[in-house]
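Asker: Here it is: the structure, laid out below.
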Amino acid sequence: REAAESEGLSPEGVFFLRGDVAELPFRGGALGSAWWGQGLHLVDPRPALGSLFAALAPGGRLVATTMAACFRGAELRRLAAEAGFASAAVAKSAGRSILTLTAAKP
């Protein structure tokens, strides 16, 4: 965070957190959006997706990335839907090694 702020890369309302995504320290609906980088390939990502869903406000958006070798797009969309997310979409990177999940909390 300090490095980002020193480079002017932390605009008002944006912060970085390193921690256990399955146990986020936010009250329900506290976040307008969340980015989860390279973490979906957990043994069981369902608790983490549930925690992110709970932390997001209605209309909040999730963007999450993972290694394409770990999931198929349909599986990521299903996991997001099971957590309560709507409008889940999955895109592959140009090199096809990274998947990006985008989803919204209704």
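As shown in the structure tokens, the chain order sets the letters A, B, ...; within each chain, residues go from 1, and ligands are also counted from 1 in the order they appear.
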Please, which residues in stretch 56-80 of chain A fall within 12 Å of stretch 19-26 of chain A when counting only C-alpha atoms, and what is the closest atom pair and distance in Å to one decimal for each, ordered by chain then residue number, as JSON lines?

Answerer:
{"residue": "A:Leu56", "atom": "CA", "partner": "A:Phe26", "partner_atom": "CA", "distance": 9.1}
{"residue": "A:Ala57", "atom": "CA", "partner": "A:Phe26", "partner_atom": "CA", "distance": 10.9}
{"residue": "A:Ala64", "atom": "CA", "partner": "A:Val21", "partner_atom": "CA", "distance": 11.7}

Asker: Residues of chain A in strand (DSSP E) according to DSSP, as a ChimeraX atom specification?

Answerer: /A:31-36,56-67,86-92,98-104

Asker: Any idea what the distance is between atom CA of A:Val14 and atom CA of A:Val43?

Answerer: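 These atoms are spaced 28.7 Å apart.
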
Asker: I'd like to know which of A:Val90, A:Val63, A:Leu99, A:Ala81 is closest to A:His41, using only C-alpha atoms.

Answerer: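 Of the candidates, the smallest distance to A:His41 is held by A:Leu99.
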
Asker: List every residue of chain A that DSSP, applied to the backbone, labels as alpha helix (DSSP H), and write the result as a ChimeraX atom specification.

Answerer: /A:2-6,46-55,73-83

Asker: For A:Leu79, which of A:Ala34, A:Met67, A:Leu49, A:Leu17 is the closest residue, counting only C-alpha atoms?

Answerer: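 Going through A:Ala34, A:Met67, A:Leu49, A:Leu17 one by one, the smallest distance to A:Leu79 is for A:Leu49.
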
Asker: Rounded to one decimal place, report the atom CA of A:Leu31-atom CA of A:Ala80 distance in Å.

Answerer: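 It comes out at 17.2 Å.
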
Asker: Tell me, as a list of chain:residue names, which residues lie within 10 Å of A:Leu42, counting only C-alpha atoms; anything in the same chain fewer than 6 positions away does not count.

Answerer: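 Once the nearby chain positions are removed, what remains is A:Ala48, A:Thr66, A:Cys70.
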
Asker: Keeping only N, CA and C atoms, write those residues as a PDB file, in the first residue's frame.

Answerer:
ATOM      1  N   ALA A  48     -14.498 -18.456   0.443  1.00  0.00           N
ATOM      2  CA  ALA A  48     -13.958 -17.151   0.058  1.00  0.00           C
ATOM      3  C   ALA A  48     -14.961 -16.375  -0.793  1.00  0.00           C
ATOM      4  N   THR A  66      -7.491 -16.107 -11.760  1.00  0.00           N
ATOM      5  CA  THR A  66      -6.906 -17.384 -11.365  1.00  0.00           C
ATOM      6  C   THR A  66      -6.206 -18.003 -12.572  1.00  0.00           C
ATOM      7  N   CYS A  70      -6.521 -24.355 -13.638  1.00  0.00           N
ATOM      8  CA  CYS A  70      -7.228 -24.825 -12.441  1.00  0.00           C
ATOM      9  C   CYS A  70      -8.736 -24.943 -12.612  1.00  0.00           C
TER      10      CYS A  70
END

Asker: Counting only C-alpha atoms, figure out which residue out of A:Leu76, A:Trp35, A:Leu101, A:Phe71 gets nearest to A:Leu52.

Answerer: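 Of the candidates, the smallest distance to A:Leu52 is held by A:Trp35.
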